[in-house]
$ cat input.cif   # mmCIF, C-alpha atoms and all ligand atoms
data_upload
#
loop_
_atom_site.label_atom_id
_atom_site.label_comp_id
_atom_site.auth_asym_id
_atom_site.auth_seq_id
_atom_site.Cartn_x
_atom_site.Cartn_y
_atom_site.Cartn_z
CA MET A 151 1.55 -6.73 31.92
CA SER A 152 2.14 -6.22 28.21
CA GLU A 153 0.39 -3.79 25.90
CA LEU A 154 -1.40 -3.92 22.56
CA THR A 155 -1.78 -0.75 20.48
CA VAL A 156 -4.54 -0.72 17.88
CA ILE A 157 -3.73 1.82 15.17
CA VAL A 158 -6.73 3.11 13.26
CA PRO A 159 -6.10 5.45 10.30
CA CYS A 160 -9.20 7.59 9.77
CA LYS A 161 -10.18 10.00 7.09
CA ASN A 162 -13.73 11.26 7.45
CA GLU A 163 -14.94 8.32 9.51
CA GLU A 164 -17.24 10.04 12.02
CA GLU A 165 -20.03 7.52 11.39
CA ALA A 166 -17.78 4.48 11.44
CA ILE A 167 -15.77 5.32 14.58
CA PRO A 168 -18.45 4.58 17.25
CA LEU A 169 -19.35 1.31 15.50
CA PHE A 170 -15.69 0.39 15.28
CA TYR A 171 -15.05 1.16 18.93
CA ASP A 172 -17.97 -0.96 20.16
CA GLU A 173 -16.95 -3.91 18.03
CA LEU A 174 -13.29 -3.60 19.04
CA ILE A 175 -14.12 -3.54 22.75
CA ARG A 176 -16.42 -6.53 22.29
CA CYS A 177 -13.70 -8.49 20.50
CA THR A 178 -10.82 -7.63 22.82
CA ALA A 179 -12.37 -8.91 26.02
CA PHE A 180 -10.02 -11.90 25.78
CA LEU A 181 -7.00 -9.63 26.31
CA SER A 182 -7.38 -9.28 30.07
CA ALA A 183 -7.08 -13.05 30.50
CA ARG A 184 -3.75 -12.77 28.72
CA ASN A 185 -2.59 -9.83 30.82
CA VAL A 186 -2.50 -7.56 27.81
CA GLU A 187 -3.59 -3.95 28.16
CA LEU A 188 -5.37 -2.28 25.28
CA LYS A 189 -4.59 1.12 23.79
CA VAL A 190 -6.57 2.47 20.83
CA LEU A 191 -4.72 5.03 18.75
CA PHE A 192 -6.81 6.78 16.11
CA ILE A 193 -4.93 8.73 13.45
CA ASP A 194 -6.96 11.55 12.00
CA ASP A 195 -5.63 11.97 8.49
CA GLY A 196 -6.89 15.46 7.74
CA SER A 197 -10.58 14.70 8.19
CA THR A 198 -13.02 17.44 7.34
CA ASP A 199 -15.98 15.94 9.19
CA GLY A 200 -16.55 15.24 12.89
CA THR A 201 -13.85 12.56 13.20
CA VAL A 202 -11.87 14.45 15.86
CA ALA A 203 -15.02 15.12 17.89
CA ALA A 204 -16.05 11.46 17.60
CA VAL A 205 -12.71 10.28 18.96
CA ARG A 206 -12.74 12.95 21.67
CA SER A 207 -16.07 11.76 22.96
CA LEU A 208 -14.71 8.22 23.15
CA HIS A 209 -11.62 9.52 24.97
CA ASP A 210 -13.84 11.24 27.54
CA ARG A 211 -15.44 7.89 28.32
CA ASP A 212 -12.40 5.68 27.94
CA ALA A 213 -8.88 6.92 28.74
CA ARG A 214 -7.37 4.14 26.62
CA VAL A 215 -8.48 5.97 23.47
CA HIS A 216 -5.98 8.41 21.95
CA LEU A 217 -5.71 10.53 18.83
CA ILE A 218 -2.93 11.82 16.61
CA SER A 219 -4.27 14.45 14.26
CA PHE A 220 -2.54 15.57 11.06
CA SER A 221 -2.42 19.14 9.81
CA ARG A 222 -3.91 17.97 6.49
CA ASN A 223 -4.51 14.76 4.56
CA PHE A 224 -1.20 12.92 4.15
CA GLY A 225 -2.62 9.57 3.07
CA LYS A 226 -3.10 6.23 4.80
CA GLU A 227 0.57 5.29 4.39
CA ALA A 228 1.66 8.30 6.44
CA ALA A 229 -1.07 7.60 8.98
CA MET A 230 0.11 4.02 9.48
CA TYR A 231 3.71 5.19 9.87
CA ALA A 232 2.73 7.81 12.44
CA GLY A 233 0.82 5.17 14.39
CA LEU A 234 3.66 2.65 14.34
CA LYS A 235 6.08 5.34 15.44
CA ALA A 236 3.91 6.39 18.35
CA ALA A 237 3.19 2.83 19.50
CA GLU A 238 5.65 1.79 22.18
CA SER A 239 3.79 -1.41 22.95
CA ASP A 240 4.87 -5.04 22.79
CA TYR A 241 2.18 -5.78 20.20
CA THR A 242 0.77 -3.52 17.55
CA VAL A 243 -2.05 -4.01 15.09
CA ILE A 244 -3.28 -1.80 12.24
CA MET A 245 -7.01 -1.81 11.47
CA ASP A 246 -9.29 0.17 9.17
CA ALA A 247 -12.01 2.18 10.85
CA ASP A 248 -14.76 0.76 8.63
CA LEU A 249 -14.72 -2.77 10.15
CA GLN A 250 -13.49 -4.24 6.87
CA ASP A 251 -10.66 -5.62 9.00
CA PRO A 252 -12.76 -7.70 11.42
CA PRO A 253 -11.57 -7.25 15.03
CA SER A 254 -13.07 -10.70 15.70
CA LEU A 255 -9.94 -12.21 14.12
CA LEU A 256 -7.70 -10.75 16.83
CA GLU A 257 -7.98 -13.66 19.23
CA GLU A 258 -6.93 -16.13 16.56
CA MET A 259 -4.12 -13.81 15.51
CA PHE A 260 -2.80 -13.75 19.06
CA SER A 261 -2.74 -17.52 19.17
CA TYR A 262 -0.19 -17.47 16.32
CA ILE A 263 1.95 -14.91 18.12
CA ASP A 264 2.04 -17.45 20.97
CA GLN A 265 3.37 -19.98 18.51
CA GLY A 266 6.32 -17.72 17.84
CA TYR A 267 5.30 -15.80 14.74
CA ASP A 268 6.50 -12.21 14.49
CA SER A 269 3.57 -11.03 12.46
CA VAL A 270 0.13 -12.33 11.69
CA ALA A 271 -1.17 -10.92 8.41
CA THR A 272 -4.60 -11.12 6.85
CA ARG A 273 -5.85 -11.32 3.32
CA ARG A 274 -9.25 -11.44 1.76
CA VAL A 275 -9.88 -14.45 -0.37
CA THR A 276 -12.98 -12.96 -1.97
CA ARG A 277 -13.63 -9.51 -3.34
CA LYS A 278 -17.38 -9.85 -3.07
CA GLY A 279 -19.15 -6.49 -2.97
CA GLU A 280 -16.35 -4.71 -4.82
CA PRO A 281 -16.90 -3.31 -8.33
CA PRO A 282 -15.80 -6.06 -10.81
CA VAL A 283 -13.55 -3.67 -12.76
CA ARG A 284 -11.69 -2.83 -9.59
CA SER A 285 -11.24 -6.51 -8.68
CA PHE A 286 -10.05 -7.29 -12.19
CA PHE A 287 -7.33 -4.63 -12.14
CA ALA A 288 -6.37 -5.44 -8.57
CA ARG A 289 -5.77 -9.07 -9.58
CA ARG A 290 -3.72 -7.97 -12.63
CA PHE A 291 -1.68 -5.68 -10.39
CA TYR A 292 -0.72 -8.49 -8.01
CA LYS A 293 0.17 -10.78 -10.94
CA LEU A 294 2.36 -8.06 -12.46
CA MET A 295 3.94 -7.29 -9.11
CA LYS A 296 4.85 -10.94 -8.65
CA LYS A 297 6.74 -10.84 -11.95
CA LEU A 298 8.40 -7.49 -11.36
CA SER A 299 9.43 -7.62 -7.75
CA ASP A 300 11.45 -10.00 -5.60
CA THR A 301 9.54 -8.83 -2.55
CA GLU A 302 6.50 -10.94 -1.87
CA ILE A 303 3.22 -9.03 -2.08
CA MET A 304 0.19 -11.25 -1.49
CA ASP A 305 -2.93 -10.93 -3.59
CA GLY A 306 -5.71 -9.54 -1.43
CA ALA A 307 -3.35 -8.65 1.42
CA ARG A 308 -4.77 -6.12 3.86
CA ASP A 309 -2.78 -3.75 6.01
CA TYR A 310 -4.50 -5.50 8.94
CA ARG A 311 -1.59 -7.16 10.71
CA LEU A 312 -0.61 -8.00 14.26
CA MET A 313 3.07 -7.38 14.88
CA THR A 314 5.58 -7.95 17.63
CA ARG A 315 7.97 -5.23 18.80
CA GLN A 316 10.80 -6.66 16.74
CA PHE A 317 8.70 -6.53 13.56
CA VAL A 318 7.50 -2.96 14.18
CA ASP A 319 11.07 -1.78 14.80
CA ALA A 320 12.10 -3.32 11.48
CA VAL A 321 9.27 -1.54 9.66
CA LEU A 322 10.18 1.75 11.34
CA ALA A 323 13.80 1.35 10.28
CA MET A 324 12.55 1.84 6.72
CA THR A 325 12.19 5.59 6.66
CA GLU A 326 11.57 6.05 2.96
CA TYR A 327 9.30 8.85 1.81
CA ASN A 328 7.51 6.85 -0.88
CA ARG A 329 5.95 4.29 1.41
CA PHE A 330 4.24 1.19 0.16
CA THR A 331 3.54 -0.63 3.38
CA LYS A 332 2.33 -3.85 1.76
CA GLY A 333 5.78 -4.14 0.18
CA ILE A 334 7.63 -3.04 3.31
CA PHE A 335 5.91 -5.79 5.34
CA GLY A 336 7.14 -8.36 2.84
CA TRP A 337 10.60 -6.86 2.59
CA VAL A 338 11.41 -7.00 6.30
CA GLY A 339 10.89 -10.76 6.40
CA PHE A 340 10.46 -12.59 9.76
CA ASP A 341 7.99 -15.40 10.34
CA THR A 342 4.59 -14.36 9.08
CA LYS A 343 1.37 -16.31 9.41
CA TRP A 344 -1.37 -15.55 6.87
CA ILE A 345 -5.03 -15.71 7.81
CA ASP A 346 -7.70 -15.73 5.11
CA PHE A 347 -11.10 -14.16 5.48
CA GLU A 348 -14.12 -13.31 3.36
CA ASN A 349 -14.51 -9.72 2.28
CA VAL A 350 -16.74 -7.66 4.56
CA ASP A 351 -18.65 -4.59 3.40
CA ARG A 352 -17.91 -1.17 4.84
CA SER A 353 -19.85 -0.57 8.10
CA ALA A 354 -20.64 3.08 7.33
CA GLY A 355 -19.40 5.99 5.25
CA LYS A 356 -17.78 5.79 1.81
CA THR A 357 -14.54 4.39 0.43
CA LYS A 358 -11.72 6.95 0.14
CA TRP A 359 -10.26 5.33 -2.96
CA SER A 360 -11.18 6.31 -6.47
CA PHE A 361 -10.22 4.06 -9.34
CA TRP A 362 -7.45 6.46 -10.42
CA GLY A 363 -6.28 6.77 -6.86
CA LEU A 364 -5.70 3.03 -6.88
CA VAL A 365 -3.94 3.14 -10.25
CA LYS A 366 -1.55 5.77 -8.89
CA TYR A 367 -1.04 3.75 -5.72
CA SER A 368 -0.17 0.64 -7.71
CA LEU A 369 2.36 2.55 -9.83
CA GLU A 370 3.87 3.75 -6.56
CA GLY A 371 4.10 0.14 -5.42
CA ILE A 372 5.90 -0.88 -8.59
CA THR A 373 8.47 1.92 -8.52
CA ALA A 374 9.03 1.46 -4.79
CA PHE A 375 9.68 -2.27 -4.97
CA SER A 376 11.04 -2.98 -8.42
CA THR A 377 13.56 -1.49 -10.81
CA LYS A 378 12.66 -3.99 -13.52
CA PRO A 379 10.78 -1.41 -15.65
CA LEU A 380 14.18 0.25 -16.16
CA VAL A 381 15.62 -3.05 -17.32
CA ILE A 382 12.66 -3.52 -19.66
CA SER A 383 13.22 -0.09 -21.22
CA SER A 384 16.93 -0.86 -21.74
CA LEU A 385 16.00 -4.16 -23.39
CA MET A 386 13.58 -2.33 -25.65
CA GLY A 387 16.41 -0.01 -26.67
CA ILE A 388 18.60 -2.99 -27.58
CA PHE A 389 15.74 -4.62 -29.47
CA PHE A 390 15.07 -1.54 -31.61
CA CYS A 391 18.77 -1.08 -32.39
CA PHE A 392 18.75 -4.64 -33.66
CA VAL A 393 15.62 -4.05 -35.77
CA ALA A 394 17.19 -0.89 -37.23
CA PHE A 395 20.35 -2.80 -38.11
CA VAL A 396 18.36 -5.49 -39.96
CA MET A 397 16.45 -2.79 -41.82
CA VAL A 398 19.64 -1.03 -42.91
CA ILE A 399 20.95 -4.28 -44.37
CA PHE A 400 17.58 -4.81 -46.09
CA ILE A 401 17.60 -1.34 -47.67
CA ILE A 402 21.21 -1.63 -48.86
CA VAL A 403 20.53 -5.01 -50.43
CA ARG A 404 17.34 -3.73 -52.06
CA LYS A 405 19.19 -0.70 -53.48
CA LEU A 406 21.84 -2.97 -54.96
CA ILE A 407 19.25 -5.26 -56.56
CA PHE A 408 16.38 -2.86 -57.52
CA GLY A 409 18.12 0.52 -57.40
CA ASP A 410 15.34 2.56 -55.70
CA PRO A 411 16.16 3.65 -52.12
CA VAL A 412 13.28 6.21 -51.84
CA ASP A 413 10.42 3.76 -52.10
CA GLY A 414 8.53 3.11 -48.88
CA TRP A 415 8.46 6.54 -47.17
CA ALA A 416 5.10 5.71 -45.58
CA SER A 417 6.52 2.78 -43.67
CA LEU A 418 9.49 4.96 -42.75
CA ALA A 419 7.23 7.64 -41.30
CA THR A 420 5.36 5.00 -39.29
CA ILE A 421 8.58 3.61 -37.92
CA ILE A 422 9.82 7.06 -36.87
CA VAL A 423 6.58 7.76 -35.01
CA PHE A 424 6.58 4.33 -33.40
CA VAL A 425 10.16 4.49 -32.22
CA GLY A 426 9.56 8.06 -31.04
CA GLY A 427 6.70 6.73 -28.95
CA VAL A 428 8.84 3.99 -27.47
CA GLN A 429 11.47 6.56 -26.58
CA PHE A 430 8.98 8.74 -24.75
CA PHE A 431 7.68 5.70 -22.94
CA CYS A 432 11.15 4.76 -21.76
CA THR A 433 12.03 8.32 -20.80
CA GLY A 434 8.79 8.37 -18.85
CA ILE A 435 9.78 5.26 -16.91
CA LEU A 436 13.15 6.79 -16.16
CA GLY A 437 11.41 9.98 -15.10
CA GLN A 438 9.24 8.09 -12.61
CA TYR A 439 12.30 6.83 -10.79
CA ILE A 440 14.03 10.20 -10.88
CA ALA A 441 10.90 11.84 -9.49
CA LYS A 442 10.85 9.33 -6.63
CA ALA A 443 14.55 9.88 -5.96
CA TYR A 444 13.93 13.62 -5.98
CA LEU A 445 11.25 13.28 -3.31
CA GLU A 446 13.48 11.03 -1.20
CA VAL A 447 16.38 13.48 -1.40
CA LYS A 448 14.23 16.37 -0.22
CA ASP A 449 13.68 14.37 2.95
CA ARG A 450 10.42 16.07 3.86
CA PRO A 451 8.53 14.84 6.91
CA LEU A 452 5.96 12.13 6.14
CA TYR A 453 3.28 13.96 8.12
CA LEU A 454 2.78 16.98 10.37
CA LYS A 455 0.83 16.77 13.62
CA ASN A 456 -1.77 19.27 14.66
CA ASP A 457 -0.96 19.28 18.36
CA LYS A 458 -4.15 20.88 19.57
CA ASN A 459 -6.08 17.82 18.38
CA CYS A 460 -3.72 15.21 19.80
CA PHE A 461 -4.48 13.49 23.08
N1 LIG A 501 -7.69 6.41 5.09
C1 LIG A 501 -6.80 7.34 5.59
N2 LIG A 501 -6.31 8.31 4.76
C2 LIG A 501 -6.67 8.40 3.44
C3 LIG A 501 -7.57 7.42 2.93
C4 LIG A 501 -8.04 6.45 3.78
O1 LIG A 501 -6.44 7.29 6.77
O2 LIG A 501 -6.20 9.30 2.76
C5 LIG A 501 -8.24 5.36 5.99
C6 LIG A 501 -9.74 5.23 6.01
O3 LIG A 501 -10.32 6.12 6.93
C7 LIG A 501 -9.96 3.79 6.40
C8 LIG A 501 -8.74 3.10 5.78
O4 LIG A 501 -7.78 4.11 5.53
O5 LIG A 501 -9.92 3.60 7.81
C9 LIG A 501 -9.12 2.37 4.50
O6 LIG A 501 -9.79 3.25 3.61
P1 LIG A 501 -11.06 2.82 2.79
O7 LIG A 501 -11.96 1.98 3.64
O8 LIG A 501 -11.65 4.05 2.21
O9 LIG A 501 -10.42 1.94 1.65
P2 LIG A 501 -11.01 0.58 1.03
O10 LIG A 501 -11.34 -0.32 2.19
O11 LIG A 501 -12.21 0.98 0.26
O12 LIG A 501 -9.89 0.06 0.20
MG MG A 502 -12.50 0.08 3.68
#
$ encode --input "input.cif" --output "structure tokens"
Amino acid sequence: MSELTVIVPCKNEEEAIPLFYDELIRCTAFLSARNVELKVLFIDDGSTDGTVAAVRSLHDRDARVHLISFSRNFGKEAAMYAGLKAAESDYTVIMDADLQDPPSLLEEMFSYIDQGYDSVATRRVTRKGEPPVRSFFARRFYKLMKKLSDTEIMDGARDYRLMTRQFVDAVLAMTEYNRFTKGIFGWVGFDTKWIDFENVDRSAGKTKWSFWGLVKYSLEGITAFSTKPLVISSLMGIFFCFVAFVMVIFIIVRKLIFGDPVDGWASLATIIVFVGGVQFFCTGILGQYIAKAYLEVKDRPLYLKNDKNCF
């Protein structure tokens, strides 16, 4: 008998959890024919609503349901890590609680594991139902990421992924503090099968992501999986040195021909402000990486469990 752990990060999902559970049970009936036991591991990421109570009532009915509860909100990345760490199963899958990662795909995903894949990943091919501005910037982000990073990060990729033990162990071996799981999944390699699906609307409750939250998350992704911005700022430095050199020659020549070196202070002032701006920009990029390194060096735990709500 092998085991499948379903990891479900939850932040304020009291309404979505019962719907999720029913759908999951309905869609995992095929597991018994394969001799796979199910374990559902909810991760309560500092919820302030009745999430813990909702999971507890499921646990009372079904002993396969478990909960890890955090002492506060640590973010979905930390929740996924905690789940992967706790899962000791042969197969592990991460799913959102809002049914935007359709459990009905699981059977198909398993068929690819049979074919020898180490992970079966999903991506949405449409962003129907999402605010257009958000889709626009999301698309730009993936385009930019493709240019900046050597690690493959698919457009529309979800965290919904079925993984073998070998794959999970590889992901767990990456213990970095600034986690960007979409990048980590790409970085570890192995044979991955991609499944496309149409975007599904949230079953209940509200999205936890604000627009700025996503902007911050994407910057995190860039700094975690690319050092090219540092290269770009160095190149900018070289470029401006070159421009300055050309201008010096120009001024010397003009002085020799026309004899007035003071003319043009307005353009000079503009140039000083502009180059000052570029310098701040580059220092800012550098600062981002130093800040990340600082957080890594501190080696703080990724999450803290609240034991009285774990079962
Ligand atoms: N989530 C979490 N911690 C957070 C934010 C979100 O565990 O700080 C969970 C959330 O409960 C959900 C999943 O991550 O199960 C995806 O969040 P959401 O549906 O709000 O994101 P969206 O689908 O809108 O991108
Ligand atoms: Mg969602």
$ residues_near_ligand --input "input.cif" --ligand "ligand MG 502 (chain A)" --cutoff "10 Å" --atoms "only C-alpha atoms and all ligand atoms" --output "compact mmCIF listing (two decimals) with C-alpha atoms, in the frame of the given file"
# COMPACT_ATOMS: atom_id res chain seq x y z
CA MET A 245 -7.01 -1.81 11.47
CA ASP A 246 -9.29 0.17 9.17
CA ALA A 247 -12.01 2.18 10.85
CA ASP A 248 -14.76 0.76 8.63
CA LEU A 249 -14.72 -2.77 10.15
CA GLN A 250 -13.49 -4.24 6.87
CA ASP A 251 -10.66 -5.62 9.00
CA ARG A 308 -4.77 -6.12 3.86
CA VAL A 350 -16.74 -7.66 4.56
CA ASP A 351 -18.65 -4.59 3.40
CA ARG A 352 -17.91 -1.17 4.84
CA SER A 353 -19.85 -0.57 8.10
CA ALA A 354 -20.64 3.08 7.33
CA GLY A 355 -19.40 5.99 5.25
CA LYS A 356 -17.78 5.79 1.81
CA THR A 357 -14.54 4.39 0.43
CA LYS A 358 -11.72 6.95 0.14
CA TRP A 359 -10.26 5.33 -2.96
$ atom_distance --input "input.cif" --atom1 "CA of Tyr241 (chain A)" --atom2 "CA of Gly336 (chain A)"
18.2 Å
$ closest_residue --input "input.cif" --among "A:Val275, A:Ile345, A:Ile407, A:Ile157" --to "ligand LIG 501 (chain A)" --atoms "all atoms listed in the file"
A:Ile157
$ atom_distance --input "input.cif" --atom1 "atom C1 of ligand LIG 501 (chain A)" --atom2 "CA of Asp268 (chain A)"
25.3 Å
$ atom_distance --input "input.cif" --atom1 "CA of Gly339 (chain A)" --atom2 "CA of Leu312 (chain A)"
14.2 Å
$ closest_atom_pairs --input "input.cif" --of "region 314-420 of chain A" --to "region 424-442 of chain A" --cutoff "10 Å" --atoms "all atoms listed in the file" --output "JSON lines"
{"residue": "A:Tyr327", "atom": "CA", "partner": "A:Lys442", "partner_atom": "CA", "distance": 8.6}
{"residue": "A:Asn328", "atom": "CA", "partner": "A:Lys442", "partner_atom": "CA", "distance": 7.1}
{"residue": "A:Leu369", "atom": "CA", "partner": "A:Gln438", "partner_atom": "CA", "distance": 9.3}
{"residue": "A:Glu370", "atom": "CA", "partner": "A:Lys442", "partner_atom": "CA", "distance": 8.9}
{"residue": "A:Thr373", "atom": "CA", "partner": "A:Tyr439", "partner_atom": "CA", "distance": 6.6}
{"residue": "A:Ala374", "atom": "CA", "partner": "A:Lys442", "partner_atom": "CA", "distance": 8.3}
{"residue": "A:Thr377", "atom": "CA", "partner": "A:Tyr439", "partner_atom": "CA", "distance": 8.4}
{"residue": "A:Pro379", "atom": "CA", "partner": "A:Ile435", "partner_atom": "CA", "distance": 6.9}
{"residue": "A:Leu380", "atom": "CA", "partner": "A:Leu436", "partner_atom": "CA", "distance": 6.6}
{"residue": "A:Ile382", "atom": "CA", "partner": "A:Cys432", "partner_atom": "CA", "distance": 8.7}
{"residue": "A:Ser383", "atom": "CA", "partner": "A:Cys432", "partner_atom": "CA", "distance": 5.3}
{"residue": "A:Ser384", "atom": "CA", "partner": "A:Cys432", "partner_atom": "CA", "distance": 8.1}
{"residue": "A:Met386", "atom": "CA", "partner": "A:Val428", "partner_atom": "CA", "distance": 8.1}
{"residue": "A:Gly387", "atom": "CA", "partner": "A:Gln429", "partner_atom": "CA", "distance": 8.2}
{"residue": "A:Phe390", "atom": "CA", "partner": "A:Val425", "partner_atom": "CA", "distance": 7.8}
{"residue": "A:Leu418", "atom": "CA", "partner": "A:Phe424", "partner_atom": "CA", "distance": 9.8}
{"residue": "A:Ala419", "atom": "CA", "partner": "A:Phe424", "partner_atom": "CA", "distance": 8.6}
{"residue": "A:Thr420", "atom": "CA", "partner": "A:Phe424", "partner_atom": "CA", "distance": 6.1}
$ residues_around --input "input.cif" --residues "Tyr267 (chain A)" --least-positions-apart "5" --cutoff "10 Å" --atoms "all atoms listed in the file" --output "JSON list (two decimals) with C-alpha atoms, keeping the file's coordinate frame"
[["chain", "number", "residue", "atom", "x", "y", "z"],
["A", 259, "MET", "CA", -4.12, -13.81, 15.51],
["A", 260, "PHE", "CA", -2.80, -13.75, 19.06],
["A", 261, "SER", "CA", -2.74, -17.52, 19.17],
["A", 262, "TYR", "CA", -0.19, -17.47, 16.32],
["A", 312, "LEU", "CA", -0.61, -8.00, 14.26],
["A", 313, "MET", "CA", 3.07, -7.38, 14.88],
["A", 314, "THR", "CA", 5.58, -7.95, 17.63],
["A", 317, "PHE", "CA", 8.70, -6.53, 13.56],
["A", 340, "PHE", "CA", 10.46, -12.59, 9.76],
["A", 341, "ASP", "CA", 7.99, -15.40, 10.34],
["A", 342, "THR", "CA", 4.59, -14.36, 9.08],
["A", 343, "LYS", "CA", 1.37, -16.31, 9.41]]
